[in-house]
file final20.txt (compact mmCIF, C-alpha atoms)
# COMPACT_ATOMS: atom_id res chain seq x y z
CA MET N 1 0.00 0.00 0.00
CA GLY N 2 2.96 2.31 0.47
CA VAL N 3 2.38 2.92 4.19
CA GLY N 4 4.20 1.37 7.15
CA THR N 5 1.04 0.49 9.10
CA PRO N 6 -0.91 -2.65 8.10
CA LYS N 7 -3.80 -1.36 6.01
CA GLN N 8 -6.52 -2.64 8.35
CA PHE N 9 -5.05 -0.43 11.08
CA CYS N 10 -4.67 2.70 8.93
CA PRO N 11 -6.77 5.59 10.28
CA VAL N 12 -9.81 6.86 8.39
CA LEU N 13 -11.21 10.01 10.01
CA GLY N 14 -8.95 9.16 12.94
CA ARG N 15 -10.35 5.66 13.41
CA PRO N 16 -8.73 2.37 12.28
CA LEU N 17 -10.23 0.90 9.12
CA ILE N 18 -10.93 -2.45 10.77
CA SER N 19 -13.21 -0.74 13.29
CA TYR N 20 -15.57 0.25 10.46
CA THR N 21 -15.66 -3.34 9.22
CA LEU N 22 -16.43 -4.62 12.72
CA GLN N 23 -19.20 -2.04 13.01
CA ALA N 24 -20.72 -3.27 9.73
CA MET N 25 -20.86 -6.80 11.15
CA GLU N 26 -22.15 -5.70 14.55
CA ARG N 27 -25.10 -3.96 12.90
CA VAL N 28 -26.36 -7.39 11.82
CA CYS N 29 -28.24 -8.75 14.82
CA TRP N 30 -28.27 -12.36 13.59
CA ILE N 31 -24.45 -12.58 13.49
CA LYS N 32 -23.67 -14.17 16.84
CA ASP N 33 -19.87 -14.12 16.99
CA ILE N 34 -17.13 -12.19 15.18
CA VAL N 35 -13.66 -13.77 15.12
CA VAL N 36 -10.68 -11.66 14.04
CA ALA N 37 -7.32 -13.21 13.17
CA VAL N 38 -4.52 -10.89 14.32
CA THR N 39 -0.76 -11.23 14.29
CA GLY N 40 0.95 -11.38 17.67
CA ASP N 41 2.60 -8.02 17.06
CA ASN N 42 -0.80 -6.35 16.63
CA MET N 43 -2.78 -8.24 19.26
CA GLU N 44 -2.59 -5.52 21.93
CA ALA N 45 -3.41 -2.82 19.38
CA MET N 46 -6.49 -4.79 18.32
CA LYS N 47 -7.60 -5.21 21.93
CA GLY N 48 -7.26 -1.45 22.35
CA ILE N 49 -9.44 -0.82 19.28
CA ILE N 50 -12.16 -3.13 20.60
CA GLN N 51 -12.13 -1.37 23.96
CA LYS N 52 -11.94 2.20 22.65
CA TYR N 53 -14.73 1.83 20.10
CA GLN N 54 -16.83 -0.44 22.32
CA HIS N 55 -17.07 -3.33 19.88
CA LYS N 56 -19.13 -6.29 21.01
CA ARG N 57 -19.20 -10.02 20.20
CA VAL N 58 -15.57 -9.92 19.01
CA SER N 59 -13.02 -12.64 19.77
CA LEU N 60 -9.37 -12.63 18.72
CA VAL N 61 -7.21 -15.50 17.48
CA GLU N 62 -3.58 -15.63 16.46
CA ALA N 63 -3.17 -15.12 12.71
CA GLY N 64 -1.22 -17.57 10.57
CA VAL N 65 1.63 -16.75 8.21
CA THR N 66 -0.75 -16.78 5.21
CA ARG N 67 -4.34 -15.75 4.61
CA HIS N 68 -5.60 -19.36 4.48
CA ARG N 69 -3.76 -20.30 7.66
CA SER N 70 -5.33 -17.29 9.41
CA ILE N 71 -8.79 -18.35 8.26
CA PHE N 72 -8.10 -21.91 9.42
CA ASN N 73 -7.14 -20.63 12.88
CA GLY N 74 -10.41 -18.70 13.05
CA LEU N 75 -12.39 -21.80 12.04
CA LYS N 76 -10.61 -23.91 14.66
CA ALA N 77 -11.52 -21.37 17.34
CA LEU N 78 -15.18 -21.75 16.36
CA ALA N 79 -14.97 -25.53 16.17
CA GLU N 80 -13.36 -26.10 19.55
CA ASP N 81 -15.80 -26.31 22.43
CA GLN N 82 -13.64 -24.91 25.23
CA PRO N 83 -15.13 -24.38 28.74
CA ASP N 84 -13.64 -20.89 29.02
CA SER N 85 -14.71 -19.82 25.49
CA THR N 86 -17.83 -17.87 24.61
CA LEU N 87 -17.67 -19.18 21.04
CA SER N 88 -19.86 -22.01 19.79
CA ARG N 89 -19.78 -24.05 16.59
CA PRO N 90 -22.07 -22.33 14.07
CA LYS N 91 -24.18 -23.87 11.34
CA VAL N 92 -23.04 -21.24 8.82
CA VAL N 93 -19.86 -19.16 8.85
CA ILE N 94 -19.15 -15.94 6.93
CA ILE N 95 -15.60 -15.19 5.77
CA HIS N 96 -14.83 -11.54 5.14
CA ASP N 97 -11.86 -9.20 4.69
CA ALA N 98 -10.98 -6.67 7.38
CA VAL N 99 -10.35 -4.07 4.66
CA ARG N 100 -13.83 -4.20 3.11
CA PRO N 101 -15.70 -1.86 5.48
CA PHE N 102 -18.79 -1.11 3.37
CA VAL N 103 -20.50 -4.49 3.39
CA GLU N 104 -24.26 -4.25 3.98
CA GLU N 105 -26.68 -6.65 5.65
CA ASP N 106 -28.49 -7.38 2.37
CA VAL N 107 -25.52 -9.02 0.68
CA LEU N 108 -24.58 -10.85 3.90
CA PHE N 109 -28.10 -12.25 4.09
CA ARG N 110 -28.08 -13.33 0.45
CA VAL N 111 -24.76 -15.20 0.64
CA VAL N 112 -25.78 -16.89 3.92
CA THR N 113 -29.14 -17.95 2.46
CA ALA N 114 -27.40 -19.34 -0.63
CA ALA N 115 -24.82 -21.16 1.52
CA LYS N 116 -27.57 -22.87 3.51
CA GLU N 117 -28.97 -24.26 0.27
CA HIS N 118 -25.78 -24.99 -1.68
CA GLY N 119 -23.16 -25.46 1.04
CA ALA N 120 -21.09 -22.49 -0.14
CA ALA N 121 -21.71 -19.07 -1.67
CA GLY N 122 -19.73 -15.98 -2.53
CA ALA N 123 -20.27 -12.45 -3.76
CA ILE N 124 -19.11 -11.65 -7.29
CA ARG N 125 -18.81 -8.52 -9.41
CA PRO N 126 -18.40 -7.93 -13.17
CA LEU N 127 -14.81 -7.59 -14.33
CA VAL N 128 -13.87 -3.98 -15.02
CA SER N 129 -10.73 -4.90 -16.98
CA THR N 130 -9.99 -7.68 -19.41
CA VAL N 131 -7.83 -10.49 -17.98
CA ILE N 132 -4.98 -11.59 -20.23
CA SER N 133 -2.48 -14.43 -20.01
CA PRO N 134 1.11 -13.65 -21.06
CA SER N 135 3.42 -16.18 -22.66
CA THR N 136 6.83 -17.04 -21.21
CA ASP N 137 8.49 -14.45 -23.47
CA GLY N 138 6.25 -11.67 -22.14
CA CYS N 139 3.92 -11.51 -25.14
CA LEU N 140 0.16 -11.99 -25.18
CA ASP N 141 -0.83 -15.64 -25.17
CA HIS N 142 -4.60 -15.27 -24.87
CA SER N 143 -7.29 -13.18 -23.20
CA LEU N 144 -10.44 -14.12 -21.34
CA ASP N 145 -13.89 -13.16 -22.49
CA ARG N 146 -14.80 -10.57 -19.87
CA ALA N 147 -18.54 -11.20 -20.33
CA ARG N 148 -18.11 -14.85 -19.28
CA HIS N 149 -16.00 -14.26 -16.16
CA ARG N 150 -16.52 -12.52 -12.84
CA ALA N 151 -14.36 -11.10 -10.04
CA SER N 152 -14.61 -13.02 -6.79
CA GLU N 153 -15.35 -10.71 -3.86
CA MET N 154 -16.16 -10.95 -0.18
CA PRO N 155 -18.23 -11.81 1.81
CA GLN N 156 -18.38 -15.57 1.32
CA ALA N 157 -20.45 -17.97 3.40
CA PHE N 158 -20.28 -21.72 4.00
CA LEU N 159 -21.95 -24.46 5.93
CA PHE N 160 -19.42 -24.67 8.73
CA ASP N 161 -18.74 -28.39 8.34
CA VAL N 162 -18.09 -27.95 4.61
CA ILE N 163 -15.41 -25.29 4.89
CA PHE N 164 -13.86 -26.60 8.13
CA GLU N 165 -13.42 -30.09 6.71
CA ALA N 166 -12.03 -28.59 3.50
CA TYR N 167 -9.35 -26.79 5.50
CA GLN N 168 -8.62 -29.91 7.52
CA GLN N 169 -7.92 -31.81 4.28
CA CYS N 170 -6.11 -28.89 2.66
CA SER N 171 -2.54 -29.41 1.41
CA ASP N 172 0.29 -27.25 2.70
CA TYR N 173 0.65 -25.86 -0.81
CA ASP N 174 -2.96 -24.64 -0.84
CA LEU N 175 -2.65 -23.26 2.68
CA ASP N 176 0.48 -21.33 1.72
CA TYR N 177 -0.30 -20.25 -1.84
CA GLY N 178 -4.05 -20.51 -2.32
CA THR N 179 -6.25 -17.42 -2.44
CA GLU N 180 -9.82 -18.62 -3.01
CA CYS N 181 -11.92 -20.18 -0.23
CA LEU N 182 -14.67 -21.21 -2.66
CA HIS N 183 -12.10 -23.24 -4.59
CA LEU N 184 -11.10 -25.15 -1.44
CA ALA N 185 -14.74 -26.12 -0.83
CA LEU N 186 -14.97 -27.35 -4.42
CA LYS N 187 -11.61 -29.17 -4.44
CA TYR N 188 -11.83 -30.92 -1.08
CA ARG N 189 -15.59 -31.25 -0.47
CA HIS N 190 -16.91 -31.20 -4.06
CA THR N 191 -19.20 -28.35 -3.08
CA LYS N 192 -20.07 -26.02 -5.95
CA ALA N 193 -20.59 -22.54 -4.57
CA LYS N 194 -23.57 -20.44 -5.53
CA LEU N 195 -22.38 -17.11 -6.94
CA VAL N 196 -24.28 -14.06 -5.71
CA GLU N 197 -24.12 -10.76 -7.58
CA GLY N 198 -22.83 -8.15 -5.15
CA PRO N 199 -23.17 -4.35 -5.02
CA PRO N 200 -20.39 -1.95 -6.12
CA ASP N 201 -19.44 -1.05 -2.54
CA LEU N 202 -17.78 -4.41 -1.84
CA TRP N 203 -14.44 -3.05 -3.01
CA LYS N 204 -11.30 -3.69 -1.03
CA VAL N 205 -8.97 -1.04 0.39
CA THR N 206 -5.74 -2.03 -1.31
CA TYR N 207 -3.80 1.12 -2.15
CA LYS N 208 -3.13 4.33 -0.25
CA ARG N 209 -5.50 6.22 -2.53
CA ASP N 210 -8.25 3.80 -1.46
CA LEU N 211 -8.00 5.21 2.07
CA TYR N 212 -8.93 8.66 0.73
CA ALA N 213 -11.82 7.13 -1.21
CA ALA N 214 -13.01 5.33 1.93
CA GLU N 215 -12.82 8.56 3.91
CA SER N 216 -14.86 10.37 1.26
CA ILE N 217 -17.56 7.67 1.33
CA ILE N 218 -17.75 7.74 5.13
CA LYS N 219 -17.95 11.55 5.19
CA GLU N 220 -20.76 11.44 2.65
CA THR N 221 -22.61 8.78 4.66
CA ILE N 222 -22.46 10.60 8.00
CA SER N 223 -23.32 13.99 6.49
CA GLN N 224 -26.81 13.07 5.33
CA GLU N 225 -28.63 14.58 8.33
CA ILE N 226 -28.41 17.90 10.15
CA TYR N 227 -30.05 18.54 13.50
CA ILE N 228 -30.86 22.21 14.14
CA VAL N 229 -31.04 22.97 17.85
CA MET N 230 -32.96 26.01 19.10
CA ASP N 231 -35.72 26.96 21.51
CA ALA N 232 -39.27 27.66 20.38
CA LYS N 233 -39.50 31.38 21.12
CA GLU N 234 -41.34 33.15 18.33
CA GLU N 235 -38.53 35.34 16.92
CA LYS N 236 -35.91 32.62 17.21
CA ALA N 237 -38.25 30.12 15.57
CA ARG N 238 -38.82 32.47 12.63
CA VAL N 239 -35.10 32.94 12.03
CA GLY N 240 -34.45 29.24 12.49
CA HIS N 241 -37.06 28.28 9.94
CA LEU N 242 -35.64 30.81 7.50
CA LEU N 243 -32.23 29.15 7.82
CA GLU N 244 -33.85 25.73 7.52
CA GLU N 245 -35.55 26.72 4.27
CA VAL N 246 -32.29 28.02 2.80
CA LEU N 247 -30.40 24.89 3.89
CA LYS N 248 -33.02 22.69 2.28
CA SER N 249 -32.85 24.64 -0.96
CA GLU N 250 -29.04 24.50 -0.98
CA LEU N 251 -28.77 20.90 0.28
CA ASN N 252 -31.84 19.19 -1.11
CA HIS N 253 -30.44 15.66 -0.59
CA ILE N 254 -29.82 16.13 3.15
CA LYS N 255 -32.39 15.48 5.87
CA ILE N 256 -32.84 18.42 8.26
CA THR N 257 -34.42 17.89 11.66
CA PHE N 258 -35.55 20.71 13.94
CA GLY N 259 -35.81 20.65 17.73
CA ALA N 260 -34.96 21.95 21.16
CA LEU N 261 -32.84 20.40 23.89
CA CYS N 262 -34.29 20.56 27.38
CA HIS N 263 -32.29 17.85 29.10
CA ALA N 264 -29.22 17.66 26.85
CA GLY N 265 -27.92 14.08 26.79
CA ARG N 266 -31.29 12.54 27.63
CA ASP N 267 -32.95 14.33 24.72
CA LEU N 268 -30.25 13.15 22.34
CA GLN N 269 -30.59 9.56 23.52
CA ASP N 270 -34.39 9.52 23.43
CA SER N 271 -34.79 11.17 20.05
CA ASN N 272 -34.51 9.77 16.53
CA ILE N 273 -31.14 11.41 15.92
CA LYS N 274 -28.82 8.71 17.21
CA GLN N 275 -27.33 8.39 13.72
CA CYS N 276 -26.89 12.15 13.31
CA TYR N 277 -23.36 13.52 13.43
CA SER N 278 -23.99 17.14 12.38
CA PHE N 279 -25.50 19.76 14.67
CA VAL N 280 -26.29 23.45 14.26
CA SER N 281 -26.96 25.41 17.44
CA LEU N 282 -28.91 28.64 16.79
CA ASN N 283 -28.37 31.66 19.01
CA PHE N 284 -30.45 34.78 18.37
CA MET N 285 -29.10 38.26 19.20
CA THR N 286 -26.65 36.90 21.75
CA THR N 287 -23.01 35.86 21.98
CA ASP N 288 -23.81 33.71 25.00
CA SER N 289 -22.55 30.10 25.07
CA GLN N 290 -25.40 28.57 27.07
CA GLU N 291 -27.32 26.84 24.23
CA THR N 292 -24.20 25.51 22.54
CA GLN N 293 -22.66 24.33 25.82
CA ARG N 294 -25.87 22.45 26.61
CA LEU N 295 -25.60 20.70 23.26
CA LEU N 296 -21.92 19.90 23.81
CA SER N 297 -22.70 18.45 27.23
CA GLY N 298 -25.44 16.32 25.72
CA LEU N 299 -23.13 15.00 23.02
CA ASP N 300 -20.53 14.17 25.63
CA GLU N 301 -23.07 12.21 27.69
CA SER N 302 -24.45 10.37 24.67
CA ASN N 303 -21.06 9.19 23.33
CA PHE N 304 -22.06 10.13 19.77
CA SER N 305 -18.49 10.99 18.89
CA ILE N 306 -16.89 7.64 19.75
CA LEU N 307 -17.32 6.26 16.24
CA TYR N 308 -17.37 9.37 14.04
CA PRO N 309 -16.27 13.00 14.33
CA VAL N 310 -19.30 15.12 15.23
CA VAL N 311 -19.58 18.59 13.70
CA VAL N 312 -21.14 21.35 15.81
CA VAL N 313 -21.69 24.81 14.31
CA SER N 314 -22.60 27.50 16.85
CA VAL N 315 -24.57 30.03 14.78
CA HIS N 316 -25.12 33.52 16.15
CA PHE N 317 -27.57 35.92 14.52
CA LEU N 318 -26.45 39.49 15.27
CA ASP N 319 -27.28 42.84 13.72
CA PHE N 320 -23.99 44.11 12.30
CA ASN N 321 -25.36 47.68 12.26
CA VAL N 322 -25.77 47.72 16.03
CA GLY N 323 -22.56 48.00 18.04
CA SER N 324 -19.03 47.10 17.06
CA LEU N 325 -18.47 43.95 15.00
CA SER N 326 -15.02 43.49 16.54
CA GLN N 327 -16.56 43.56 20.03
CA LYS N 328 -19.10 40.94 18.95
CA MET N 329 -16.31 38.72 17.67
CA GLU N 330 -14.30 39.27 20.83
CA SER N 331 -17.22 38.14 22.96
CA LEU N 332 -17.41 34.92 20.90
CA MET N 333 -13.83 33.91 21.66
CA TRP N 334 -15.20 31.32 24.05
CA ILE N 335 -15.80 29.18 20.94
CA ARG N 336 -12.05 28.86 20.39
CA GLU N 337 -11.41 27.74 23.97
CA SER N 338 -14.36 25.33 24.02
CA ALA N 339 -13.28 23.87 20.68
CA LYS N 340 -9.88 22.92 22.11
CA VAL N 341 -11.57 21.00 24.91
CA VAL N 342 -14.22 19.15 22.89
CA LYS N 343 -11.83 18.28 20.04
CA LYS N 344 -10.25 15.77 22.42
CA ARG N 345 -13.64 14.03 22.42
CA ASN N 346 -13.85 14.00 18.60
CA ILE N 347 -16.27 16.96 18.46
CA LEU N 348 -15.41 19.58 15.84
CA LEU N 349 -16.78 22.94 17.03
CA SER N 350 -16.80 26.07 14.88
CA GLY N 351 -18.60 29.41 15.14
CA LEU N 352 -20.64 31.20 12.48
CA LEU N 353 -21.74 34.83 12.67
CA ILE N 354 -24.75 35.72 10.48
CA ASN N 355 -25.87 39.30 9.90
CA TYR N 356 -29.45 39.62 11.13
CA SER N 357 -30.22 42.55 8.87
CA GLN N 358 -33.56 44.34 8.92
CA ASP N 359 -33.26 44.40 5.13
CA GLU N 360 -34.94 41.16 4.00
CA GLN N 361 -32.79 40.85 0.89
CA LYS N 362 -29.54 41.23 2.86
CA LEU N 363 -30.81 38.74 5.43
CA GLN N 364 -31.54 36.16 2.71
CA GLU N 365 -28.08 36.67 1.23
CA SER N 366 -26.46 36.19 4.65
CA LEU N 367 -28.53 33.06 5.17
CA ARG N 368 -27.43 31.64 1.81
CA GLN N 369 -23.78 32.32 2.62
CA GLY N 370 -24.27 30.81 6.06
CA ALA N 371 -25.89 27.70 4.58
CA ASN N 372 -22.93 27.22 2.24
CA ILE N 373 -20.47 27.57 5.13
CA ILE N 374 -22.44 25.09 7.25
CA ALA N 375 -22.56 22.63 4.34
CA ALA N 376 -18.79 22.89 3.83
CA LEU N 377 -18.04 22.38 7.54
CA ILE N 378 -20.27 19.32 7.66
CA LYS N 379 -19.08 17.71 4.44
CA GLU N 380 -15.37 18.28 4.97
CA ARG N 381 -15.16 17.65 8.74
CA THR N 382 -11.71 19.14 8.79
CA SER N 383 -9.87 19.89 12.00
CA GLY N 384 -8.32 22.93 10.30
CA LEU N 385 -11.43 25.03 10.93
CA VAL N 386 -12.04 23.86 14.49
CA GLY N 387 -12.40 26.84 16.83
CA GLN N 388 -12.64 29.33 13.97
CA LEU N 389 -15.28 32.08 13.90
CA LEU N 390 -16.60 32.51 10.36
CA ILE N 391 -18.73 35.36 9.06
CA ALA N 392 -21.56 35.11 6.53
call {"tool": "encode", "arguments": {"input": "final20.txt", "output": "structure tokens"}}
result
Amino acid sequence: MGVGTPKQFCPVLGRPLISYTLQAMERVCWIKDIVVAVTGDNMEAMKGIIQKYQHKRVSLVEAGVTRHRSIFNGLKALAEDQPDSTLSRPKVVIIHDAVRPFVEEDVLFRVVTAAKEHGAAGAIRPLVSTVISPSTDGCLDHSLDRARHRASEMPQAFLFDVIFEAYQQCSDYDLDYGTECLHLALKYRHTKAKLVEGPPDLWKVTYKRDLYAAESIIKETISQEIYIVMDAKEEKARVGHLLEEVLKSELNHIKITFGALCHAGRDLQDSNIKQCYSFVSLNFMTTDSQETQRLLSGLDESNFSILYPVVVVSVHFLDFNVGSLSQKMESLMWIRESAKVVKKRNILLSGLLINYSQDEQKLQESLRQGANIIAALIKERTSGLVGQLLIA
């Protein structure tokens, strides 16, 4: 990959890639146990990841020197009925790569269902490039008809006895040089795998550039909802709804939810915004920090920011024609200090000053500029703007 760290431990938005893959598996309630094969050198690091990101149902086994030997170790851990083990022998086992974090429940369900019927199943995708075979002198020998062949992907699923017995019978050559689990089931158990067409997001993080692509996908995924926090007083509500309308017109593919926080963390936990990682706190004609601090306290209590960076934009509507703008900005310096504190908890706080002009046209223009700034802060989630006070 061109990086010193094993790719499954490379950070994406500050979090190891393998943590995203574990999260994808944990979302599936019918997956009972998750076994991860880890080298001895990385065992403690993996334990730290499980603890930090609060992963559940995960057991670790020592990895082998090759991919197949690592898989075999994982299967043996599931097969052995040890008194001190929480693992039990399953009817069906899924084999997946740690560096494929975007697997969804639908494809997992389809390969498992197919495996129950056929004994083995695996996801496939159309080939995007033609496969050619070179001759010994480096010239083209022949090419494969791309329409007749497919790329083998993950996940794959097997009746446990089929794949475990295949590995038990497997030659050292296959364990050391083989790459395809479906082939082992066919070779050693004469089980023909059912091939299941998979979605485009099954791709594998292989190169350094793939990490940037993964980060972009994750940012896009967690930026699909904005929660606007404000109280219900008449004037504040009017301004809030104006901003909401502009945001919806500028960001028509993003869900915007509106509400007030009365009991901070409890409100966040009890609401339907547990998958929301973007918050806008509205403050009308005040530089006070009370509303935003209440939101920050609630986010801290709710642990929203354990898995993903949470963006908080503290928006302050002030009339620029009344008083000194520099004094207004000075009184908002608390944002910079608060941002330093909450950044340690993976909360990215920025401030936004919007001109609450009595001129309706100027107000609409300020709102449009503010909406664009909010959209950029949410989509980019960059630490470079943390603690900054921006002006629309």
call {"tool": "atom_distance", "arguments": {"input": "final20.txt", "atom1": "CA of Ser88 (chain N)", "atom2": "CA of Val36 (chain N)"}}
result
15.0 Å
call {"tool": "residues_around", "arguments": {"input": "final20.txt", "residues": "Thr21 (chain N)", "least_positions_apart": "6", "cutoff": "10 Å", "atoms": "all atoms listed in the file", "output": "compact mmCIF listing (two decimals) with C-alpha atoms, keeping the file's coordinate frame"}}
result
# COMPACT_ATOMS: atom_id res chain seq x y z
CA GLN N 8 -6.52 -2.64 8.35
CA HIS N 96 -14.83 -11.54 5.14
CA ASP N 97 -11.86 -9.20 4.69
CA ALA N 98 -10.98 -6.67 7.38
CA VAL N 99 -10.35 -4.07 4.66
CA ARG N 100 -13.83 -4.20 3.11
CA PRO N 101 -15.70 -1.86 5.48
CA PHE N 102 -18.79 -1.11 3.37
CA VAL N 103 -20.50 -4.49 3.39
call {"tool": "residues_near_point", "arguments": {"input": "final20.txt", "point": "(-0.1, -14.9, 15.4)", "cutoff": "8 Å", "atoms": "all atoms listed in the file", "output": "PyMOL selection string"}}
result
chain N and resi 37-41+61-65
call {"tool": "closest_residue", "arguments": {"input": "final20.txt", "among": "N:Glu365, N:Glu220, N:Asp141, N:Asp174", "to": "Lys187 (chain N)", "atoms": "only C-alpha atoms"}}
result
N:Asp174
call {"tool": "closest_residue", "arguments": {"input": "final20.txt", "among": "N:Glu104, N:Phe258, N:Leu144, N:Ile163", "to": "Asp201 (chain N)", "atoms": "all atoms listed in the file"}}
result
N:Glu104
call {"tool": "atom_distance", "arguments": {"input": "final20.txt", "atom1": "CA of Val28 (chain N)", "atom2": "CA of Lys56 (chain N)"}}
result
11.7 Å
call {"tool": "residues_around", "arguments": {"input": "final20.txt", "residues": "Ala375 (chain N)", "least_positions_apart": "2", "cutoff": "10 Å", "atoms": "all atoms listed in the file", "output": "number ranges by chain"}}
result
N: 223, 226, 247, 250-251, 254, 278, 369-373, 377-381
call {"tool": "closest_residue", "arguments": {"input": "final20.txt", "among": "N:Arg110, N:Lys204, N:His118, N:Arg69", "to": "Glu153 (chain N)", "atoms": "all atoms listed in the file"}}
result
N:Lys204
call {"tool": "closest_residue", "arguments": {"input": "final20.txt", "among": "N:Phe160, N:Leu78, N:Val313, N:Arg27", "to": "Lys91 (chain N)", "atoms": "all atoms listed in the file"}}
result
N:Phe160
